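Everything below belongs to data_18.txt, which stores compact mmCIF, C-alpha atoms and all ligand atoms.
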# COMPACT_ATOMS: atom_id res chain seq x y z
CA MET A 205 -138.84 140.82 164.31
CA PRO A 206 -138.72 137.03 164.09
CA ILE A 207 -141.89 135.12 163.27
CA ARG A 208 -143.86 133.67 166.18
CA LEU A 209 -144.88 130.00 166.16
CA GLU A 210 -147.70 128.45 168.17
CA PRO A 211 -147.75 124.68 167.51
CA VAL A 212 -151.19 123.08 167.41
CA THR A 213 -149.61 119.75 168.32
CA GLU A 214 -145.98 118.92 169.01
CA LYS A 215 -145.30 117.73 165.47
CA PHE A 216 -148.18 118.86 163.24
CA VAL A 217 -149.56 122.28 162.32
CA ALA A 218 -148.42 125.61 163.71
CA ARG A 219 -150.03 129.03 163.76
CA VAL A 220 -147.64 131.73 162.59
CA THR A 221 -147.83 135.42 163.46
CA GLY A 222 -145.48 138.38 163.47
CA VAL A 223 -145.03 138.57 159.71
CA ASP A 224 -146.83 140.47 156.91
CA LEU A 225 -146.75 138.14 153.90
CA GLY A 226 -147.78 141.00 151.61
CA LYS A 227 -144.33 142.52 152.08
CA PRO A 228 -141.06 141.07 150.69
CA LEU A 229 -139.74 138.36 153.01
CA GLY A 230 -136.27 138.62 154.47
CA LEU A 231 -133.87 135.69 154.19
CA VAL A 232 -134.28 134.95 157.89
CA ASP A 233 -138.07 134.83 157.68
CA ARG A 234 -137.90 132.60 154.59
CA ALA A 235 -135.54 130.17 156.33
CA ASP A 236 -137.72 130.17 159.47
CA ILE A 237 -140.85 129.44 157.45
CA VAL A 238 -139.17 126.58 155.53
CA ALA A 239 -137.90 125.08 158.79
CA ALA A 240 -141.32 125.38 160.41
CA CYS A 241 -142.99 123.79 157.39
CA ASP A 242 -140.46 120.94 157.46
CA ARG A 243 -141.36 120.26 161.08
CA TYR A 244 -145.09 120.99 161.23
CA GLY A 245 -146.18 120.25 157.65
CA THR A 246 -148.94 122.83 157.72
CA LEU A 247 -148.65 126.49 158.72
CA VAL A 248 -151.60 128.78 159.42
CA PHE A 249 -151.02 132.53 158.97
CA PRO A 250 -154.09 134.51 160.09
CA GLY A 251 -154.88 138.04 158.89
CA GLN A 252 -153.12 137.93 155.50
CA HIS A 253 -155.37 139.81 153.08
CA LEU A 254 -153.11 139.54 150.05
CA ALA A 255 -153.64 140.96 146.58
CA LYS A 256 -153.33 138.40 143.78
CA GLU A 257 -149.84 139.60 142.86
CA GLU A 258 -148.72 139.56 146.50
CA LEU A 259 -149.85 135.96 146.89
CA VAL A 260 -147.90 134.89 143.79
CA ALA A 261 -144.85 136.83 144.99
CA PHE A 262 -145.01 135.07 148.36
CA GLY A 263 -145.17 131.66 146.68
CA ALA A 264 -142.30 132.49 144.33
CA VAL A 265 -140.01 132.94 147.35
CA PHE A 266 -140.15 129.17 147.85
CA GLY A 267 -139.63 127.92 144.30
CA GLU A 268 -140.88 127.96 140.74
CA VAL A 269 -144.60 128.72 140.65
CA ASP A 270 -146.56 126.01 138.87
CA THR A 271 -148.78 126.93 135.92
CA THR A 272 -149.45 123.51 134.36
CA LEU A 273 -152.88 122.86 135.90
CA GLN A 274 -154.12 126.27 134.78
CA THR A 275 -152.66 126.14 131.25
CA LYS A 276 -153.50 122.49 130.52
CA LEU A 277 -156.97 122.35 132.06
CA MET A 278 -158.57 125.00 134.24
CA ASN A 279 -158.01 128.26 132.39
CA ARG A 280 -159.14 126.65 129.14
CA VAL A 281 -162.60 126.49 130.69
CA GLN A 282 -162.67 129.61 132.86
CA ASN A 283 -159.98 132.13 133.83
CA ARG A 284 -161.74 134.49 136.23
CA LEU A 285 -158.53 135.59 137.99
CA GLY A 286 -156.79 136.19 134.66
CA MET A 287 -153.52 134.55 135.75
CA ASP A 288 -151.82 131.22 135.06
CA THR A 289 -149.96 131.42 138.37
CA LEU A 290 -153.09 131.33 140.55
CA THR A 291 -155.78 128.69 140.90
CA ASP A 292 -159.33 129.88 141.45
CA ILE A 293 -160.69 127.69 144.28
CA SER A 294 -164.19 129.12 144.28
CA ASN A 295 -167.79 128.42 143.36
CA LEU A 296 -167.97 131.49 141.13
CA ASP A 297 -168.59 131.85 137.42
CA ALA A 298 -166.45 133.92 135.04
CA ASP A 299 -168.35 137.07 136.00
CA GLY A 300 -167.77 136.54 139.73
CA ASN A 301 -171.32 135.46 140.54
CA VAL A 302 -172.14 132.30 142.50
CA ALA A 303 -172.29 129.55 139.90
CA HIS A 304 -175.27 127.23 139.54
CA ALA A 305 -175.16 123.64 140.77
CA GLN A 306 -174.31 122.14 137.37
CA HIS A 307 -171.70 124.76 136.47
CA TRP A 308 -168.23 123.42 135.64
CA GLN A 309 -166.60 125.43 138.43
CA THR A 310 -169.04 124.11 141.04
CA ILE A 311 -168.57 120.53 139.89
CA THR A 312 -164.79 120.89 139.84
CA THR A 313 -164.81 122.15 143.43
CA ILE A 314 -166.54 118.92 144.50
CA GLY A 315 -163.46 116.98 143.39
CA ASN A 316 -161.51 118.65 146.21
CA ARG A 317 -163.54 116.76 148.83
CA PHE A 318 -161.35 113.65 148.55
CA TRP A 319 -158.01 113.21 150.31
CA HIS A 320 -155.10 114.21 148.10
CA SER A 321 -151.72 115.88 148.03
CA ASP A 322 -151.71 118.59 145.37
CA GLY A 323 -149.93 117.44 142.23
CA SER A 324 -149.51 113.83 143.39
CA TYR A 325 -150.64 112.82 139.89
CA LYS A 326 -147.85 114.76 138.18
CA ASP A 327 -144.39 113.69 137.14
CA LEU A 328 -143.08 116.89 138.74
CA PRO A 329 -145.38 117.31 141.74
CA ILE A 330 -146.14 120.28 143.96
CA ARG A 331 -144.04 121.02 147.02
CA TYR A 332 -145.94 123.87 148.70
CA SER A 333 -149.62 124.70 148.30
CA ILE A 334 -150.55 128.12 149.63
CA LEU A 335 -154.25 128.88 150.08
CA ASN A 336 -155.59 132.34 150.91
CA ALA A 337 -159.21 132.81 151.95
CA VAL A 338 -161.09 135.76 150.46
CA THR A 339 -164.75 134.95 151.22
CA THR A 340 -165.78 132.17 153.57
CA VAL A 341 -169.03 130.32 154.23
CA GLY A 342 -171.13 129.84 157.36
CA TYR A 343 -171.53 126.08 157.65
CA GLY A 344 -168.74 123.72 156.54
CA GLY A 345 -166.14 124.47 153.89
CA GLU A 346 -163.28 123.53 156.23
CA THR A 347 -160.03 122.24 154.81
CA GLN A 348 -158.67 119.23 156.65
CA TYR A 349 -154.98 118.43 156.64
CA ALA A 350 -153.58 114.96 157.43
CA ASP A 351 -150.04 114.16 158.53
CA LEU A 352 -148.76 111.46 156.16
CA ARG A 353 -145.72 110.84 158.39
CA ALA A 354 -147.84 110.06 161.43
CA ALA A 355 -150.08 107.97 159.17
CA TYR A 356 -147.10 105.87 158.10
CA ASP A 357 -145.81 105.52 161.65
CA SER A 358 -149.16 104.21 162.92
CA LEU A 359 -149.57 101.49 160.27
CA ASP A 360 -149.28 97.98 161.63
CA GLU A 361 -146.08 96.11 160.79
CA ALA A 362 -147.71 93.71 158.30
CA THR A 363 -149.06 96.64 156.29
CA LYS A 364 -145.70 98.38 156.36
CA VAL A 365 -144.16 95.20 154.92
CA LEU A 366 -146.95 94.85 152.33
CA ILE A 367 -146.48 98.35 150.93
CA ALA A 368 -142.72 98.68 151.42
CA ASP A 369 -141.90 98.12 147.74
CA LYS A 370 -145.29 98.83 146.18
CA ILE A 371 -145.70 101.37 143.42
CA GLY A 372 -148.93 103.31 143.02
CA ILE A 373 -150.17 104.55 139.65
CA PHE A 374 -151.55 108.04 140.12
CA TRP A 375 -153.98 109.64 137.67
CA SER A 376 -155.26 113.22 137.63
CA HIS A 377 -158.81 112.21 136.71
CA ASN A 378 -159.24 109.31 139.13
CA THR A 379 -161.64 111.19 141.40
CA ARG A 380 -163.40 112.95 138.51
CA ASP A 381 -163.92 109.54 136.92
CA TRP A 382 -165.38 108.22 140.18
CA LEU A 383 -167.68 111.26 140.34
CA LYS A 384 -168.78 110.58 136.72
CA ILE A 385 -167.70 114.03 135.56
CA ALA A 386 -167.89 114.00 131.77
CA ASP A 387 -164.46 115.26 130.70
CA SER A 388 -163.16 115.08 127.14
CA PRO A 389 -160.49 112.55 126.10
CA GLU A 390 -158.04 115.46 125.78
CA GLU A 391 -158.73 116.56 129.36
CA ARG A 392 -158.48 113.00 130.65
CA SER A 393 -155.06 112.54 129.08
CA ALA A 394 -153.66 116.02 129.82
CA PHE A 395 -151.57 114.46 132.59
CA PRO A 396 -150.40 110.89 131.88
CA LYS A 397 -150.57 108.38 134.71
CA VAL A 398 -147.38 108.34 136.74
CA ARG A 399 -145.71 105.84 139.07
CA TRP A 400 -144.76 106.66 142.67
CA PRO A 401 -143.40 104.58 145.55
CA MET A 402 -146.13 104.24 148.17
CA VAL A 403 -143.58 104.83 150.90
CA ARG A 404 -141.40 107.89 150.51
CA THR A 405 -139.03 109.79 152.79
CA HIS A 406 -139.81 113.41 153.52
CA PRO A 407 -136.52 115.28 152.96
CA GLY A 408 -137.44 118.09 155.37
CA SER A 409 -137.85 115.83 158.41
CA GLY A 410 -136.23 112.54 157.36
CA ARG A 411 -139.46 110.73 158.27
CA LYS A 412 -141.22 108.12 156.16
CA VAL A 413 -144.47 109.10 154.46
CA LEU A 414 -147.49 107.03 153.43
CA TRP A 415 -147.81 108.27 149.85
CA CYS A 416 -151.32 107.30 148.88
CA ASP A 417 -154.38 109.35 148.05
CA SER A 418 -157.56 109.48 146.00
CA LYS A 419 -155.59 109.87 142.77
CA VAL A 420 -154.21 106.32 143.00
CA TRP A 421 -155.78 104.42 140.12
CA ALA A 422 -154.00 101.10 140.68
CA ILE A 423 -151.15 99.44 142.53
CA GLU A 424 -148.55 97.65 140.45
CA GLY A 425 -148.35 93.91 141.06
CA MET A 426 -151.91 93.74 142.41
CA SER A 427 -155.19 93.10 140.62
CA LEU A 428 -157.19 96.27 140.08
CA PRO A 429 -159.80 95.32 142.72
CA GLU A 430 -157.22 94.28 145.31
CA GLY A 431 -155.15 97.39 144.70
CA ARG A 432 -158.11 99.72 144.83
CA ALA A 433 -159.45 98.12 148.00
CA LEU A 434 -156.05 98.61 149.63
CA VAL A 435 -155.98 102.25 148.50
CA HIS A 436 -159.41 102.78 150.07
CA GLU A 437 -158.21 101.21 153.31
CA LEU A 438 -155.04 103.31 153.41
CA ILE A 439 -156.96 106.53 152.75
CA GLU A 440 -159.32 105.67 155.61
CA HIS A 441 -156.25 105.19 157.78
CA ILE A 442 -154.80 108.57 156.72
CA GLY A 443 -158.10 110.29 157.54
CA GLN A 444 -158.29 109.04 161.13
CA ARG A 445 -158.90 111.81 163.60
CA GLU A 446 -155.51 111.55 165.30
CA HIS A 447 -153.72 112.39 162.03
CA VAL A 448 -155.99 115.27 161.06
CA TYR A 449 -156.23 119.02 161.67
CA SER A 450 -159.46 120.68 160.52
CA HIS A 451 -159.34 124.36 159.65
CA LYS A 452 -162.44 126.54 159.75
CA TRP A 453 -161.57 129.42 157.44
CA GLU A 454 -161.81 133.12 158.17
CA ALA A 455 -161.21 135.74 155.49
CA GLY A 456 -157.50 136.56 155.35
CA ASP A 457 -156.34 133.17 156.61
CA LEU A 458 -153.41 131.83 154.62
CA ILE A 459 -152.31 128.20 154.91
CA MET A 460 -149.03 126.89 153.56
CA ALA A 461 -148.88 123.11 153.35
CA ASP A 462 -146.02 120.81 152.38
CA ASN A 463 -147.53 118.25 150.00
CA ARG A 464 -144.54 115.96 150.53
CA SER A 465 -145.68 115.29 154.09
CA THR A 466 -149.40 116.11 154.14
CA ALA A 467 -152.66 115.42 152.33
CA HIS A 468 -155.83 117.49 152.53
CA ARG A 469 -159.49 117.61 151.56
CA GLY A 470 -162.21 120.25 151.44
CA ARG A 471 -165.41 119.72 153.41
CA ARG A 472 -168.96 120.07 152.20
CA PHE A 473 -170.69 123.45 152.19
CA ASP A 474 -173.82 125.01 150.73
CA HIS A 475 -172.86 125.85 147.15
CA SER A 476 -175.39 128.67 147.02
CA GLU A 477 -173.15 130.54 149.48
CA ARG A 478 -170.20 132.45 148.04
CA ARG A 479 -166.82 130.88 148.79
CA GLU A 480 -163.64 132.25 147.32
CA MET A 481 -160.09 131.02 147.85
CA ARG A 482 -156.95 131.63 145.84
CA ARG A 483 -154.07 129.21 145.60
CA VAL A 484 -150.47 129.41 144.50
CA GLU A 485 -148.35 126.28 144.18
CA THR A 486 -144.61 125.73 143.88
CA ASN A 487 -142.96 122.88 142.04
CA ASP A 488 -140.96 120.21 143.82
CA ASN A 489 -137.52 119.16 142.57
CA VAL A 490 -138.11 115.39 142.74
CA ARG A 491 -139.75 113.56 139.88
CA SER A 492 -141.93 110.44 139.83
CA LEU A 493 -140.68 107.05 138.70
CA GLY A 494 -142.06 107.93 135.26
CA VAL A 495 -145.15 107.47 133.17
CA ALA A 496 -147.12 104.24 133.68
CA ALA A 497 -146.33 101.74 130.91
CA ASP A 498 -149.86 101.03 129.76
CA GLY A 499 -150.57 104.66 128.89
CA GLU A 500 -154.23 103.75 129.29
CA VAL A 501 -156.74 106.37 130.40
CA GLY A 502 -159.47 104.85 132.50
FE FE B 1 -155.87 120.33 146.87
Please rewrite the model in this file as structure tokens.
Ligand SMILES: [Fe+2]
Amino acid sequence: MPIRLEPVTEKFVARVTGVDLGKPLGLVDRADIVAACDRYGTLVFPGQHLAKEELVAFGAVFGEVDTTLQTKLMNRVQNRLGMDTLTDISNLDADGNVAHAQHWQTITTIGNRFWHSDGSYKDLPIRYSILNAVTTVGYGGETQYADLRAAYDSLDEATKVLIADKIGIFWSHNTRDWLKIADSPEERSAFPKVRWPMVRTHPGSGRKVLWCDSKVWAIEGMSLPEGRALVHELIEHIGQREHVYSHKWEAGDLIMADNRSTAHRGRRFDHSERREMRRVETNDNVRSLGVAADGEVG
């Protein structure tokens, strides 16, 4: 039976039913899901209570599953799920209990509250991010998704001209630095700063994308203050209500987002409440413009 699509808006976000993602996907379903993701950017699949292995298997249908964030950073601190192919998006300690406010896992979760596309700071970024909710909270904890194509389209002409040839320098620890999280020099340099055009074309839809998020440390050809002020302005533009879908999670919800055309952020919640999400990510096949020349870390 073919998958069923209910678009949230004409061009952004669709709810998908009629498929059990815990079972092997047929070629037709895979092609339909890729096409839907190309068009809508973000797909919501309710009622998908997947085992860890099933979630990884679903991600692997769409490309090489990324392990770099886990092996370079996260699993060196805590590896509760025991896998390099899954990211633990939770506020839980290694024993599965709700972590205290100063715990590394809790602090790391706070970094998700700023607009970003997963892997934008990497030379080989992430194409699809797939989040599966296990335990959800009462108040807050939504994930908001923004359409970076609509955000580009709605820029004024002068801004489009200003950023047409600009290159952003993206750094993994930009938000953690802003939050004053005390990471080691090794952690801060695990991913070197990389250069990306601030306007890209999304191959799945052919539309231009405003490629700017909270990982942008500087803009080439601009002073640091001028560049950072522009980044702040562009992120505010991306986060305007008309570009954004806000998802209130229920256990079993699975969201597949195309990072090439969308950005997202997590919303505040009470960290004493248990919240558990699992994420699998697939690598893109397009690389950045390379490592930033200065090699400087913050
Ligand atoms: Fe993310």
Excluding Gly431 (chain A) and its own-chain neighbours fewer than 5 positions away, which residues fall within 10 Å of it when counting all atoms listed in the file? Please give them as a list of chain:residue names.
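After dropping sequence-adjacent residues, the list is A:Gly372, A:Val420, A:Trp421, A:Ala422, A:Ile423, A:Glu424, A:Gly425, A:Met426, A:His436, A:Glu437.
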Contacts of Val238 (chain A) within 12 Å, only C-alpha atoms, excl. fewer than 4 positions in-chain, as number ranges by chain:
A: 207, 231-234, 242-247, 263, 265-267, 331-332, 407-409, 460-462
Would you name the residues within 7 Å of ligand FE 1 (chain B), counting only C-alpha atoms and all ligand atoms, and put them as an mmCIF file with C-alpha atoms, keeping the file's coordinate frame?
data_model
loop_
_atom_site.group_PDB
_atom_site.id
_atom_site.type_symbol
_atom_site.label_atom_id
_atom_site.label_comp_id
_atom_site.auth_asym_id
_atom_site.auth_seq_id
_atom_site.Cartn_x
_atom_site.Cartn_y
_atom_site.Cartn_z
ATOM 1 C CA ASN A 316 -161.510 118.650 146.210
ATOM 2 C CA HIS A 320 -155.100 114.210 148.100
ATOM 3 C CA SER A 321 -151.720 115.880 148.030
ATOM 4 C CA ASP A 322 -151.710 118.590 145.370
ATOM 5 C CA HIS A 468 -155.830 117.490 152.530
ATOM 6 C CA ARG A 469 -159.490 117.610 151.560
#
Using only C-alpha atoms, the best pick from A:Val495, A:Val248, A:Leu273, A:Met402 as closest to Met287 (chain A) would be A:Leu273
Skip Ser492 (chain A) itself and residues of its chain fewer than 6 positions away, then list as a PyMOL selection string all residues within 10 Å of it, counting all atoms listed in the file.
chain A and resi 324-329+374+398-401
Serialized selection, C-alpha atoms, as a CSV table (one decimal), in the frame of the given file:
chain,number,residue,atom,x,y,z
A,324,SER,CA,-149.5,113.8,143.4
A,325,TYR,CA,-150.6,112.8,139.9
A,326,LYS,CA,-147.8,114.8,138.2
A,327,ASP,CA,-144.4,113.7,137.1
A,328,LEU,CA,-143.1,116.9,138.7
A,329,PRO,CA,-145.4,117.3,141.7
A,374,PHE,CA,-151.6,108.0,140.1
A,398,VAL,CA,-147.4,108.3,136.7
A,399,ARG,CA,-145.7,105.8,139.1
A,400,TRP,CA,-144.8,106.7,142.7
A,401,PRO,CA,-143.4,104.6,145.6
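Each of A:Gly342, A:Ala394, A:Ala386, A:Lys227 was checked against Lys276 (chain A) using all atoms listed in the file; the smallest atom-to-atom distance is that of A:Ala394.
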A:Val338, A:Ile459, A:Glu430, A:Ala298 ranked by distance to Ile237 (chain A), top pick (using only C-alpha atoms)
A:Ile459
Close residues, Val260 (chain A) itself excluded, 10 Å, all atoms listed in the file, min 2 positions apart in chain, as a PyMOL selection string:
chain A and resi 226+254-258+262-265+269+287+289-290+334+482-486
CA of Leu414 (chain A) and CA of Leu359 (chain A), how far apart in Å?
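Answer for the CA of Leu359 (chain A) to CA of Leu414 (chain A) separation: 9.0 Å.
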Nearest residue to Gly494 (chain A) out of A:Arg208, A:Lys215, A:Arg284, A:Lys397, using only C-alpha atoms?
A:Lys397
Identify which of the residues A:Ser450, A:Arg445, A:Arg491, A:Leu277 lies closest to Arg392 (chain A), counting all atoms listed in the file when measuring atom-to-atom distances.
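Ranking A:Ser450, A:Arg445, A:Arg491, A:Leu277 by distance to Arg392 (chain A), first place goes to A:Leu277.
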Missing atoms of region 472-490 of chain A rebuilt to N, CA and C atoms, written as a compact mmCIF listing (two decimals), in the frame of the given file:
# COMPACT_ATOMS: atom_id res chain seq x y z
N ARG A 472 -167.71 119.67 152.84
CA ARG A 472 -168.96 120.07 152.20
C ARG A 472 -169.44 121.44 152.70
N PHE A 473 -170.04 122.20 151.81
CA PHE A 473 -170.69 123.45 152.19
C PHE A 473 -171.86 123.68 151.24
N ASP A 474 -172.66 124.68 151.56
CA ASP A 474 -173.82 125.01 150.73
C ASP A 474 -173.33 125.81 149.53
N HIS A 475 -173.44 125.22 148.34
CA HIS A 475 -172.86 125.85 147.15
C HIS A 475 -173.62 127.11 146.71
N SER A 476 -174.73 127.41 147.35
CA SER A 476 -175.39 128.67 147.02
C SER A 476 -174.76 129.84 147.80
N GLU A 477 -173.89 129.51 148.75
CA GLU A 477 -173.15 130.54 149.48
C GLU A 477 -171.85 130.82 148.75
N ARG A 478 -171.43 132.05 148.73
CA ARG A 478 -170.20 132.45 148.04
C ARG A 478 -168.98 131.98 148.84
N ARG A 479 -168.08 131.29 148.16
CA ARG A 479 -166.82 130.88 148.79
C ARG A 479 -165.70 131.14 147.81
N GLU A 480 -164.72 131.90 148.23
CA GLU A 480 -163.64 132.25 147.32
C GLU A 480 -162.29 132.08 148.00
N MET A 481 -161.47 131.22 147.39
CA MET A 481 -160.09 131.02 147.85
C MET A 481 -159.18 131.16 146.64
N ARG A 482 -157.96 131.58 146.90
CA ARG A 482 -156.95 131.63 145.84
C ARG A 482 -155.77 130.76 146.26
N ARG A 483 -155.17 130.13 145.27
CA ARG A 483 -154.07 129.21 145.60
C ARG A 483 -152.88 129.44 144.69
N VAL A 484 -151.70 129.44 145.28
CA VAL A 484 -150.47 129.41 144.50
C VAL A 484 -149.71 128.14 144.91
N GLU A 485 -149.05 127.53 143.93
CA GLU A 485 -148.35 126.28 144.18
C GLU A 485 -146.92 126.40 143.66
N THR A 486 -145.99 125.76 144.37
CA THR A 486 -144.61 125.73 143.88
C THR A 486 -144.22 124.31 143.51
N ASN A 487 -143.39 124.20 142.50
CA ASN A 487 -142.96 122.88 142.04
C ASN A 487 -141.94 122.28 142.98
N ASP A 488 -141.98 120.95 143.08
CA ASP A 488 -140.96 120.21 143.82
C ASP A 488 -139.74 120.05 142.91
N ASN A 489 -138.69 119.42 143.41
CA ASN A 489 -137.52 119.16 142.57
C ASN A 489 -137.25 117.66 142.46
N VAL A 490 -138.23 116.85 142.83
CA VAL A 490 -138.11 115.39 142.74
C VAL A 490 -139.17 114.88 141.79
